[in-house]
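Engineer: CSV, C-alpha atoms, file run-v8.csv:
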chain,number,residue,atom,x,y,z
U,790,ASP,CA,-6.5,27.8,-2.3
U,791,THR,CA,-8.2,26.5,-5.5
U,792,GLY,CA,-5.9,23.5,-6.1
U,793,VAL,CA,-3.6,22.9,-9.0
U,794,SER,CA,-4.4,25.1,-12.0
U,795,GLN,CA,-3.4,24.4,-15.6
U,796,ASP,CA,-3.7,26.6,-18.6
U,797,PRO,CA,-4.8,26.4,-21.3
U,798,ARG,CA,-7.3,23.5,-20.9
U,799,HIS,CA,-7.2,22.7,-24.5
U,800,LYS,CA,-4.7,23.7,-27.3
U,801,ILE,CA,-5.1,22.9,-30.9
U,802,THR,CA,-2.0,23.5,-33.0
U,803,LYS,CA,-0.5,22.6,-36.4
U,804,ARG,CA,2.4,20.3,-36.7
U,805,GLY,CA,5.7,22.1,-36.3
U,806,GLN,CA,4.4,24.8,-34.0
U,807,ASN,CA,5.6,25.4,-30.5
U,808,VAL,CA,3.2,25.2,-27.5
U,809,THR,CA,3.6,26.1,-23.9
U,810,PHE,CA,1.5,24.9,-20.9
U,811,ARG,CA,1.5,26.5,-17.5
U,812,CYS,CA,0.9,24.9,-14.1
U,813,ASP,CA,0.2,26.7,-10.9
U,814,PRO,CA,0.6,24.3,-8.0
U,815,ILE,CA,-0.9,24.6,-4.5
U,816,SER,CA,1.2,27.4,-2.9
U,817,GLU,CA,2.8,25.4,-0.1
U,818,HIS,CA,3.7,22.4,-2.3
U,819,ASN,CA,7.3,22.5,-3.2
U,820,ARG,CA,7.4,19.4,-5.4
U,821,LEU,CA,5.8,19.5,-8.9
U,822,TYR,CA,5.4,16.8,-11.5
U,823,TRP,CA,4.5,16.7,-15.2
U,824,TYR,CA,2.9,13.7,-16.8
U,825,ARG,CA,1.6,12.8,-20.2
U,826,GLN,CA,-1.6,10.7,-20.6
U,827,THR,CA,-3.0,9.3,-23.8
U,828,LEU,CA,-6.5,7.9,-24.1
U,829,GLY,CA,-7.0,4.8,-22.0
U,830,GLN,CA,-3.5,4.8,-20.6
U,831,GLY,CA,-1.9,5.6,-17.3
U,832,PRO,CA,0.0,8.9,-16.7
U,833,GLU,CA,3.5,8.7,-18.1
U,834,PHE,CA,6.2,10.4,-16.1
U,835,LEU,CA,7.9,13.3,-17.8
U,836,THR,CA,9.8,15.3,-15.2
U,837,TYR,CA,9.6,16.7,-11.6
U,838,PHE,CA,10.8,19.7,-9.7
U,839,GLN,CA,11.8,20.2,-6.0
U,840,ASN,CA,11.3,23.9,-5.7
U,841,GLU,CA,13.1,25.4,-8.7
U,842,ALA,CA,15.4,22.4,-9.3
U,843,GLN,CA,14.5,19.9,-12.0
U,844,LEU,CA,15.6,16.7,-10.3
U,845,GLU,CA,14.6,14.1,-12.8
U,846,LYS,CA,13.6,14.0,-16.4
U,847,SER,CA,12.3,10.9,-18.2
U,848,ARG,CA,14.7,9.4,-20.7
U,849,LEU,CA,11.7,9.0,-23.0
U,850,LEU,CA,11.4,12.8,-23.2
U,851,SER,CA,12.9,14.1,-26.4
U,852,ASP,CA,14.9,17.3,-26.7
U,853,ARG,CA,11.9,19.0,-28.0
U,854,PHE,CA,10.4,19.1,-24.5
U,855,SER,CA,11.6,21.4,-21.9
U,856,ALA,CA,10.2,22.4,-18.5
U,857,GLU,CA,11.0,25.2,-16.1
U,858,ARG,CA,10.0,26.3,-12.6
U,859,PRO,CA,12.0,29.5,-12.3
U,860,LYS,CA,11.0,30.8,-8.9
U,861,GLY,CA,9.8,27.5,-7.4
U,862,SER,CA,6.2,28.4,-7.9
U,863,PHE,CA,4.5,28.0,-11.2
U,864,SER,CA,6.0,25.8,-13.9
U,865,THR,CA,5.9,25.8,-17.7
U,866,LEU,CA,6.2,22.9,-20.1
U,867,GLU,CA,7.2,23.8,-23.7
U,868,ILE,CA,7.0,21.5,-26.7
U,869,GLN,CA,8.9,22.7,-29.7
U,870,ARG,CA,8.2,21.6,-33.3
U,871,THR,CA,5.1,19.6,-32.3
U,872,GLU,CA,4.4,16.3,-33.9
U,873,GLN,CA,1.1,14.4,-34.2
U,874,GLY,CA,2.4,11.9,-31.7
U,875,ASP,CA,2.5,14.7,-29.1
U,876,SER,CA,-1.3,14.8,-29.0
U,877,ALA,CA,-2.2,13.9,-25.4
U,878,MET,CA,-3.4,15.2,-22.1
U,879,TYR,CA,-0.6,16.9,-20.1
U,880,LEU,CA,-1.1,16.6,-16.4
U,881,CYS,CA,0.5,18.6,-13.7
U,882,ALA,CA,0.5,17.6,-10.0
U,883,SER,CA,2.0,18.9,-6.8
U,884,THR,CA,2.7,17.7,-3.3
U,885,PRO,CA,4.4,18.9,-0.2
U,886,SER,CA,7.7,17.1,0.4
U,887,GLY,CA,9.1,15.8,3.7
U,888,GLN,CA,7.8,13.0,5.8
U,889,GLY,CA,6.4,15.4,8.4
U,890,SER,CA,4.3,17.3,5.9
U,891,ALA,CA,0.6,16.7,6.0
U,892,GLY,CA,-0.3,15.0,2.8
U,893,ALA,CA,3.4,14.4,1.9
U,894,ASN,CA,3.8,12.3,-1.2
U,895,VAL,CA,0.1,12.5,-2.1
U,896,LEU,CA,-0.2,14.1,-5.5
U,897,THR,CA,-2.9,16.7,-6.1
U,898,PHE,CA,-3.6,16.8,-9.8
U,899,GLY,CA,-4.7,19.6,-12.1
U,900,ALA,CA,-7.5,19.1,-14.7
U,901,GLY,CA,-4.9,18.8,-17.4
U,902,SER,CA,-4.1,20.5,-20.7
U,903,ARG,CA,-5.2,18.7,-23.7
U,904,LEU,CA,-3.0,19.1,-26.8
U,905,THR,CA,-4.3,18.3,-30.3
U,906,VAL,CA,-1.7,18.4,-33.0
U,907,LEU,CA,-3.2,18.5,-36.5
M,73,ALA,CA,13.6,0.1,-13.2
M,74,GLN,CA,10.4,0.4,-11.2
M,75,THR,CA,7.3,-0.9,-13.0
M,76,VAL,CA,3.7,-1.1,-12.1
M,77,THR,CA,1.4,-3.7,-13.8
M,78,GLN,CA,-2.4,-3.7,-13.7
M,79,SER,CA,-3.5,-6.9,-15.5
M,80,GLN,CA,-7.2,-6.1,-15.7
M,81,PRO,CA,-7.9,-3.5,-18.3
M,82,GLU,CA,-11.7,-3.5,-17.6
M,83,MET,CA,-13.9,-4.8,-14.8
M,84,SER,CA,-17.6,-4.5,-13.9
M,85,VAL,CA,-19.5,-5.0,-10.7
M,86,GLN,CA,-23.1,-4.8,-9.6
M,87,GLU,CA,-24.0,-2.0,-7.3
M,88,ALA,CA,-23.6,-2.9,-3.6
M,89,GLU,CA,-21.3,-5.8,-4.4
M,90,THR,CA,-17.6,-6.1,-3.8
M,91,VAL,CA,-14.8,-5.9,-6.4
M,92,THR,CA,-11.0,-6.3,-6.2
M,93,LEU,CA,-8.6,-4.6,-8.5
M,94,SER,CA,-5.1,-6.1,-8.9
M,95,CYS,CA,-1.7,-4.5,-9.1
M,96,THR,CA,1.8,-5.8,-9.0
M,97,TYR,CA,5.0,-3.9,-9.0
M,98,ASP,CA,8.7,-4.5,-9.4
M,99,THR,CA,11.3,-2.8,-7.3
M,100,SER,CA,14.6,-3.4,-5.6
M,101,GLU,CA,13.9,-0.8,-2.9
M,102,SER,CA,12.8,-1.7,0.6
M,103,ASN,CA,11.0,1.5,1.5
M,104,TYR,CA,8.5,3.1,-0.8
M,105,TYR,CA,4.8,4.2,-1.0
M,106,LEU,CA,2.0,2.7,-3.0
M,107,PHE,CA,-1.2,4.5,-4.0
M,108,TRP,CA,-4.5,3.9,-5.7
M,109,TYR,CA,-5.8,6.9,-7.7
M,110,LYS,CA,-9.3,7.3,-9.2
M,111,GLN,CA,-10.0,9.2,-12.4
M,112,PRO,CA,-13.7,9.6,-13.1
M,113,PRO,CA,-14.8,10.2,-16.7
M,114,SER,CA,-13.6,13.7,-17.8
M,115,ARG,CA,-12.6,14.6,-14.3
M,116,GLN,CA,-9.4,15.0,-12.3
M,117,MET,CA,-7.4,12.3,-10.8
M,118,ILE,CA,-7.9,12.0,-7.0
M,119,LEU,CA,-6.3,9.8,-4.3
M,120,VAL,CA,-8.3,6.8,-3.1
M,121,ILE,CA,-5.9,5.3,-0.6
M,122,ARG,CA,-2.2,5.0,0.1
M,123,GLN,CA,0.1,2.5,1.8
M,124,GLU,CA,3.6,2.9,3.2
M,125,ALA,CA,5.7,-0.2,2.5
M,126,TYR,CA,7.2,-0.3,6.1
M,127,LYS,CA,3.7,-0.7,7.6
M,128,GLN,CA,2.5,-4.2,7.7
M,129,GLN,CA,-1.1,-3.2,8.5
M,130,ASN,CA,-3.3,-2.8,5.4
M,131,ALA,CA,-4.7,0.6,4.8
M,132,THR,CA,-8.4,1.2,4.8
M,133,GLU,CA,-10.5,4.3,3.9
M,134,ASN,CA,-14.2,3.7,4.5
M,135,ARG,CA,-15.4,1.3,1.7
M,136,PHE,CA,-11.8,1.0,0.2
M,137,SER,CA,-9.2,-1.3,1.5
M,138,VAL,CA,-5.9,-2.7,0.2
M,139,ASN,CA,-4.3,-6.1,0.4
M,140,PHE,CA,-0.6,-5.4,0.5
M,141,GLN,CA,1.7,-8.4,0.1
M,142,LYS,CA,5.2,-7.0,0.2
M,143,ALA,CA,7.0,-10.3,-0.5
M,144,ALA,CA,4.8,-10.9,-3.5
M,145,LYS,CA,5.0,-7.3,-4.6
M,146,SER,CA,1.2,-7.2,-4.8
M,147,PHE,CA,-1.1,-4.3,-3.9
M,148,SER,CA,-4.8,-5.0,-4.6
M,149,LEU,CA,-7.7,-2.6,-4.0
M,150,LYS,CA,-11.0,-3.9,-2.6
M,151,ILE,CA,-14.1,-1.8,-3.0
M,152,SER,CA,-17.0,-2.9,-0.8
M,153,ASP,CA,-20.6,-1.9,-1.3
M,154,SER,CA,-19.9,-0.5,-4.8
M,155,GLN,CA,-21.7,2.7,-5.7
M,156,LEU,CA,-22.5,4.1,-9.1
M,157,GLY,CA,-20.1,7.0,-8.3
M,158,ASP,CA,-17.2,4.5,-8.1
M,159,THR,CA,-17.3,4.2,-11.9
M,160,ALA,CA,-13.9,5.4,-13.1
M,161,MET,CA,-10.4,4.5,-14.2
M,162,TYR,CA,-8.3,3.3,-11.3
M,163,PHE,CA,-4.6,3.6,-11.3
M,164,CYS,CA,-2.1,1.9,-9.1
M,165,ALA,CA,1.0,4.0,-8.4
M,166,PHE,CA,4.4,3.6,-6.9
M,167,LEU,CA,6.6,6.3,-5.4
M,168,THR,CA,10.3,5.5,-5.6
M,169,PHE,CA,13.0,6.5,-3.2
M,170,ASN,CA,14.0,9.5,-5.4
M,171,ASN,CA,10.4,10.7,-5.5
M,172,ASP,CA,9.7,9.4,-9.0
M,173,MET,CA,6.0,8.5,-9.1
M,174,ARG,CA,5.1,5.8,-11.6
M,175,PHE,CA,1.6,4.7,-12.6
M,176,GLY,CA,0.1,1.5,-14.0
M,177,ALA,CA,-1.9,1.4,-17.2
M,178,GLY,CA,-5.2,1.5,-15.3
M,179,THR,CA,-8.3,-0.6,-14.8
M,180,ARG,CA,-11.6,0.8,-16.1
M,181,LEU,CA,-14.3,-0.1,-13.5
M,182,THR,CA,-18.0,0.1,-14.3
M,183,VAL,CA,-20.6,-0.2,-11.6
M,184,LYS,CA,-23.9,-1.4,-12.9
M,185,PRO,CA,-27.2,-0.5,-11.3
Would you mind giving the structure from this file in structure tokens?
Structural biologist:
Amino acid sequence: DTGVSQDPRHKITKRGQNVTFRCDPISEHNRLYWYRQTLGQGPEFLTYFQNEAQLEKSRLLSDRFSAERPKGSFSTLEIQRTEQGDSAMYLCASTPSGQGSAGANVLTFGAGSRLTVL
Amino acid sequence: AQTVTQSQPEMSVQEAETVTLSCTYDTSESNYYLFWYKQPPSRQMILVIRQEAYKQQNATENRFSVNFQKAAKSFSLKISDSQLGDTAMYFCAFLTFNNDMRFGAGTRLTVKP
């Protein structure tokens, strides 16, 4: 297993365009998180999935953001009509759930997808 | 709402010395998890140490240890024998009952030779 993979690593787009990021978690991890991180700040929670179910979504997240995890494996994060304020690093992390799971609740992060909106 | 506060935006320490990073949090829950994560420059976030709130004993991992004060809602990280490779952003994080993981704003630690 190569860990959590994110694609693309860097995306440059023009304001108003749509972008989609993909995250492939560690295969046995059934919980998946998305975060946004701006320079010099801590990760800001966006949403998380338990298998294919989206269990929580940040109230800070506008309707332009949507995330899916259709088969409980990989996940996508789509941003519609991008704005310059969306420029950030988008981090994906996964973890096994359940108290008995080794490493339960310890997030393994991907390298992130950096978005630049011009 | 659960919040995590790191009051030290930047810190520095001489190589081989000890440094303590502060973290406070706010929650009404009685059972939760606390973490310290490290993010080296341009590299991925990795776990440093974790603490279950129901455990009174402070967690240790080699040169890293925590001082967990549940009543004070304080969770500081002590790094002993600091090494150049410890230079990174350090984030305190809190896992809520509904699996919502929240992070502090981070402390940038520089280890000087």
Engineer: Which residues of chain U have any atom within 10 Å of an atom in chain M when counting all atoms listed in the file, and what is the closest pair of atoms for each, with the distance in Å to one decimal? Order the rows by chain and rising number and write it as a Markdown table.
Structural biologist:
| residue | atom | partner | partner_atom | distance |
| --- | --- | --- | --- | --- |
| U:Arg820 | CA | M:Asn171 | CA | 9.2 |
| U:Tyr822 | CA | M:Met173 | CA | 8.7 |
| U:Tyr824 | CA | M:Arg174 | CA | 9.7 |
| U:Gln826 | CA | M:Ala177 | CA | 9.9 |
| U:Gly829 | CA | M:Gly178 | CA | 7.7 |
| U:Gln830 | CA | M:Ala177 | CA | 5.1 |
| U:Gly831 | CA | M:Ala177 | CA | 4.2 |
| U:Pro832 | CA | M:Phe175 | CA | 6.1 |
| U:Glu833 | CA | M:Phe175 | CA | 7.1 |
| U:Phe834 | CA | M:Arg174 | CA | 6.5 |
| U:Leu835 | CA | M:Asp172 | CA | 9.8 |
| U:Thr836 | CA | M:Asp172 | CA | 8.6 |
| U:Tyr837 | CA | M:Asp172 | CA | 7.7 |
| U:Phe838 | CA | M:Asn171 | CA | 9.9 |
| U:Gln839 | CA | M:Asn171 | CA | 9.6 |
| U:Leu844 | CA | M:Asn170 | CA | 8.9 |
| U:Glu845 | CA | M:Asp172 | CA | 7.8 |
| U:Lys846 | CA | M:Asp172 | CA | 9.5 |
| U:Ser847 | CA | M:Asp172 | CA | 9.7 |
| U:Leu880 | CA | M:Gln116 | CA | 9.4 |
| U:Ala882 | CA | M:Met117 | CA | 9.5 |
| U:Ser886 | CA | M:Asn171 | CA | 9.1 |
| U:Asn894 | CA | M:Leu167 | CA | 7.8 |
| U:Val895 | CA | M:Leu119 | CA | 7.3 |
| U:Leu896 | CA | M:Leu119 | CA | 7.6 |
| U:Thr897 | CA | M:Ile118 | CA | 6.9 |
| U:Phe898 | CA | M:Met117 | CA | 6.0 |
| U:Gly899 | CA | M:Gln116 | CA | 6.6 |
| U:Ala900 | CA | M:Gln116 | CA | 5.1 |
| U:Gly901 | CA | M:Gln116 | CA | 7.8 |
Engineer: Quick one: residues within 9 Å of Leu907 of chain U, only C-alpha atoms counted, chain neighbours fewer than 4 positions away excluded, as a list of chain:residue names?
Structural biologist: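 So, after excluding close chain neighbours, the residues are U:Ile801, U:Thr802, U:Lys803, U:Arg804, U:Glu872, U:Gln873, U:Ser876.
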Engineer: Now that the selection is made, can you save its residues with C-alpha atoms as a PDB file, in the coordinates of the input?
Structural biologist:
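So the final result, stored in part_36.pdb, reads:
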ATOM      1  CA  ILE U 801      -5.100  22.900 -30.900  1.00  0.00           C
ATOM      2  CA  THR U 802      -2.000  23.500 -33.000  1.00  0.00           C
ATOM      3  CA  LYS U 803      -0.500  22.600 -36.400  1.00  0.00           C
ATOM      4  CA  ARG U 804       2.400  20.300 -36.700  1.00  0.00           C
ATOM      5  CA  GLU U 872       4.400  16.300 -33.900  1.00  0.00           C
ATOM      6  CA  GLN U 873       1.100  14.400 -34.200  1.00  0.00           C
ATOM      7  CA  SER U 876      -1.300  14.800 -29.000  1.00  0.00           C
TER       8      SER U 876
END
Engineer: Excluding Lys800 of chain U and any residue of its chain fewer than 2 positions from it, enumerate the residues within 12 Å of it, using all atoms listed in the file, and give them as an mmCIF file with C-alpha atoms, keeping the file's coordinate frame.
Structural biologist:
data_model
loop_
_atom_site.group_PDB
_atom_site.id
_atom_site.type_symbol
_atom_site.label_atom_id
_atom_site.label_comp_id
_atom_site.auth_asym_id
_atom_site.auth_seq_id
_atom_site.Cartn_x
_atom_site.Cartn_y
_atom_site.Cartn_z
ATOM 1 C CA GLN U 795 -3.400 24.400 -15.600
ATOM 2 C CA ASP U 796 -3.700 26.600 -18.600
ATOM 3 C CA PRO U 797 -4.800 26.400 -21.300
ATOM 4 C CA ARG U 798 -7.300 23.500 -20.900
ATOM 5 C CA THR U 802 -2.000 23.500 -33.000
ATOM 6 C CA LYS U 803 -0.500 22.600 -36.400
ATOM 7 C CA GLN U 806 4.400 24.800 -34.000
ATOM 8 C CA ASN U 807 5.600 25.400 -30.500
ATOM 9 C CA VAL U 808 3.200 25.200 -27.500
ATOM 10 C CA THR U 809 3.600 26.100 -23.900
ATOM 11 C CA PHE U 810 1.500 24.900 -20.900
ATOM 12 C CA ARG U 811 1.500 26.500 -17.500
ATOM 13 C CA ILE U 868 7.000 21.500 -26.700
ATOM 14 C CA THR U 871 5.100 19.600 -32.300
ATOM 15 C CA ASP U 875 2.500 14.700 -29.100
ATOM 16 C CA SER U 876 -1.300 14.800 -29.000
ATOM 17 C CA ALA U 877 -2.200 13.900 -25.400
ATOM 18 C CA MET U 878 -3.400 15.200 -22.100
ATOM 19 C CA TYR U 879 -0.600 16.900 -20.100
ATOM 20 C CA GLY U 901 -4.900 18.800 -17.400
ATOM 21 C CA SER U 902 -4.100 20.500 -20.700
ATOM 22 C CA ARG U 903 -5.200 18.700 -23.700
ATOM 23 C CA LEU U 904 -3.000 19.100 -26.800
ATOM 24 C CA THR U 905 -4.300 18.300 -30.300
ATOM 25 C CA VAL U 906 -1.700 18.400 -33.000
ATOM 26 C CA LEU U 907 -3.200 18.500 -36.500
#
Engineer: Have a look at atom CA of Gln155 of chain M and atom CA of Val138 of chain M and let me know their distance in Å, one decimal.
Structural biologist: 17.7 Å
Engineer: What does the structure give for the distance between atom CA of Trp823 of chain U and atom CA of Gly792 of chain U, in Å to one decimal?
Structural biologist: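 Pair atom CA of Trp823 of chain U / atom CA of Gly792 of chain U returns 15.4 Å.
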Engineer: Just to confirm, what's the straight-line distance from atom CA of Ala144 of chain M to atom CA of Leu181 of chain M in Å (one decimal)?
Structural biologist: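 Here the two named atoms are 24.1 Å from each other.
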Engineer: Using all atoms listed in the file, which of M:Ser137, M:Asn103, M:Gln80, M:Gln111 sits nearest Ala125 of chain M?
Structural biologist: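 Among the listed residues, the smallest separation from Ala125 of chain M belongs to M:Asn103.
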Engineer: Would you be able to write out as a list of chain:residue names which residues have an atom within 10 Å of (-2.7, -9.9, 5.9) in the file's coordinates, counting only C-alpha atoms?
Structural biologist: M:Gln128, M:Gln129, M:Asn130, M:Val138, M:Asn139, M:Phe140, M:Gln141
Engineer: List the spatial neighbours of Ser94 of chain M as a count of residues only - criterion: any atom at most 8 Å away, only C-alpha atoms, same-chain residues fewer than 3 positions off excluded.
Structural biologist: 7
Engineer: From the set M:Arg135, M:Lys184, M:Lys150, M:Lys127, which residue has the shortest atom-to-atom contact distance to Cys95 of chain M, counting all atoms listed in the file?
Structural biologist: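 When distances to Cys95 of chain M are compared using all atoms listed in the file, the smallest one comes from M:Lys150.
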Engineer: Can you take the partial segment 81-97 of chain M, add N, CA, C and O atoms, and return it as a PDB file, keeping the file's coordinate frame?
Structural biologist:
ATOM      1  N   PRO M  81      -7.625  -4.762 -17.678  1.00  0.00           N
ATOM      2  CA  PRO M  81      -7.900  -3.500 -18.300  1.00  0.00           C
ATOM      3  C   PRO M  81      -9.348  -2.998 -18.012  1.00  0.00           C
ATOM      4  O   PRO M  81      -9.561  -1.794 -17.880  1.00  0.00           O
ATOM      5  N   GLU M  82     -10.293  -3.930 -17.870  1.00  0.00           N
ATOM      6  CA  GLU M  82     -11.700  -3.500 -17.600  1.00  0.00           C
ATOM      7  C   GLU M  82     -12.300  -4.514 -16.605  1.00  0.00           C
ATOM      8  O   GLU M  82     -12.028  -5.715 -16.632  1.00  0.00           O
ATOM      9  N   MET M  83     -13.146  -3.955 -15.738  1.00  0.00           N
ATOM     10  CA  MET M  83     -13.900  -4.800 -14.800  1.00  0.00           C
ATOM     11  C   MET M  83     -15.285  -4.150 -14.620  1.00  0.00           C
ATOM     12  O   MET M  83     -15.439  -2.931 -14.794  1.00  0.00           O
ATOM     13  N   SER M  84     -16.230  -4.993 -14.234  1.00  0.00           N
ATOM     14  CA  SER M  84     -17.600  -4.500 -13.900  1.00  0.00           C
ATOM     15  C   SER M  84     -18.061  -5.157 -12.644  1.00  0.00           C
ATOM     16  O   SER M  84     -17.616  -6.270 -12.306  1.00  0.00           O
ATOM     17  N   VAL M  85     -18.954  -4.469 -11.957  1.00  0.00           N
ATOM     18  CA  VAL M  85     -19.500  -5.000 -10.700  1.00  0.00           C
ATOM     19  C   VAL M  85     -20.918  -4.463 -10.541  1.00  0.00           C
ATOM     20  O   VAL M  85     -21.224  -3.347 -10.996  1.00  0.00           O
ATOM     21  N   GLN M  86     -21.738  -5.243  -9.917  1.00  0.00           N
ATOM     22  CA  GLN M  86     -23.100  -4.800  -9.600  1.00  0.00           C
ATOM     23  C   GLN M  86     -23.064  -3.853  -8.407  1.00  0.00           C
ATOM     24  O   GLN M  86     -22.267  -4.050  -7.473  1.00  0.00           O
ATOM     25  N   GLU M  87     -23.911  -2.878  -8.456  1.00  0.00           N
ATOM     26  CA  GLU M  87     -24.000  -2.000  -7.300  1.00  0.00           C
ATOM     27  C   GLU M  87     -24.256  -2.759  -6.042  1.00  0.00           C
ATOM     28  O   GLU M  87     -24.972  -3.764  -6.030  1.00  0.00           O
ATOM     29  N   ALA M  88     -23.572  -2.300  -4.988  1.00  0.00           N
ATOM     30  CA  ALA M  88     -23.600  -2.900  -3.600  1.00  0.00           C
ATOM     31  C   ALA M  88     -22.758  -4.122  -3.469  1.00  0.00           C
ATOM     32  O   ALA M  88     -22.600  -4.597  -2.338  1.00  0.00           O
ATOM     33  N   GLU M  89     -22.167  -4.622  -4.540  1.00  0.00           N
ATOM     34  CA  GLU M  89     -21.300  -5.800  -4.400  1.00  0.00           C
ATOM     35  C   GLU M  89     -19.843  -5.328  -4.220  1.00  0.00           C
ATOM     36  O   GLU M  89     -19.528  -4.148  -4.222  1.00  0.00           O
ATOM     37  N   THR M  90     -18.977  -6.327  -4.046  1.00  0.00           N
ATOM     38  CA  THR M  90     -17.600  -6.100  -3.800  1.00  0.00           C
ATOM     39  C   THR M  90     -16.729  -6.435  -4.992  1.00  0.00           C
ATOM     40  O   THR M  90     -17.015  -7.419  -5.683  1.00  0.00           O
ATOM     41  N   VAL M  91     -15.704  -5.643  -5.246  1.00  0.00           N
ATOM     42  CA  VAL M  91     -14.800  -5.900  -6.400  1.00  0.00           C
ATOM     43  C   VAL M  91     -13.377  -5.679  -5.932  1.00  0.00           C
ATOM     44  O   VAL M  91     -13.106  -4.836  -5.067  1.00  0.00           O
ATOM     45  N   THR M  92     -12.470  -6.448  -6.517  1.00  0.00           N
ATOM     46  CA  THR M  92     -11.000  -6.300  -6.200  1.00  0.00           C
ATOM     47  C   THR M  92     -10.250  -6.054  -7.463  1.00  0.00           C
ATOM     48  O   THR M  92     -10.370  -6.799  -8.443  1.00  0.00           O
ATOM     49  N   LEU M  93      -9.463  -5.001  -7.430  1.00  0.00           N
ATOM     50  CA  LEU M  93      -8.600  -4.600  -8.500  1.00  0.00           C
ATOM     51  C   LEU M  93      -7.159  -5.024  -8.212  1.00  0.00           C
ATOM     52  O   LEU M  93      -6.690  -4.752  -7.107  1.00  0.00           O
ATOM     53  N   SER M  94      -6.478  -5.596  -9.168  1.00  0.00           N
ATOM     54  CA  SER M  94      -5.100  -6.100  -8.900  1.00  0.00           C
ATOM     55  C   SER M  94      -4.045  -5.167  -9.375  1.00  0.00           C
ATOM     56  O   SER M  94      -4.222  -4.408 -10.327  1.00  0.00           O
ATOM     57  N   CYS M  95      -2.921  -5.249  -8.688  1.00  0.00           N
ATOM     58  CA  CYS M  95      -1.700  -4.500  -9.100  1.00  0.00           C
ATOM     59  C   CYS M  95      -0.505  -5.191  -8.570  1.00  0.00           C
ATOM     60  O   CYS M  95      -0.459  -5.652  -7.420  1.00  0.00           O
ATOM     61  N   THR M  96       0.472  -5.309  -9.424  1.00  0.00           N
ATOM     62  CA  THR M  96       1.800  -5.800  -9.000  1.00  0.00           C
ATOM     63  C   THR M  96       2.831  -4.800  -9.419  1.00  0.00           C
ATOM     64  O   THR M  96       2.619  -3.995 -10.322  1.00  0.00           O
ATOM     65  N   TYR M  97       3.947  -4.841  -8.739  1.00  0.00           N
ATOM     66  CA  TYR M  97       5.000  -3.900  -9.000  1.00  0.00           C
ATOM     67  C   TYR M  97       6.338  -4.557  -8.899  1.00  0.00           C
ATOM     68  O   TYR M  97       6.449  -5.659  -8.333  1.00  0.00           O
TER      69      TYR M  97
END
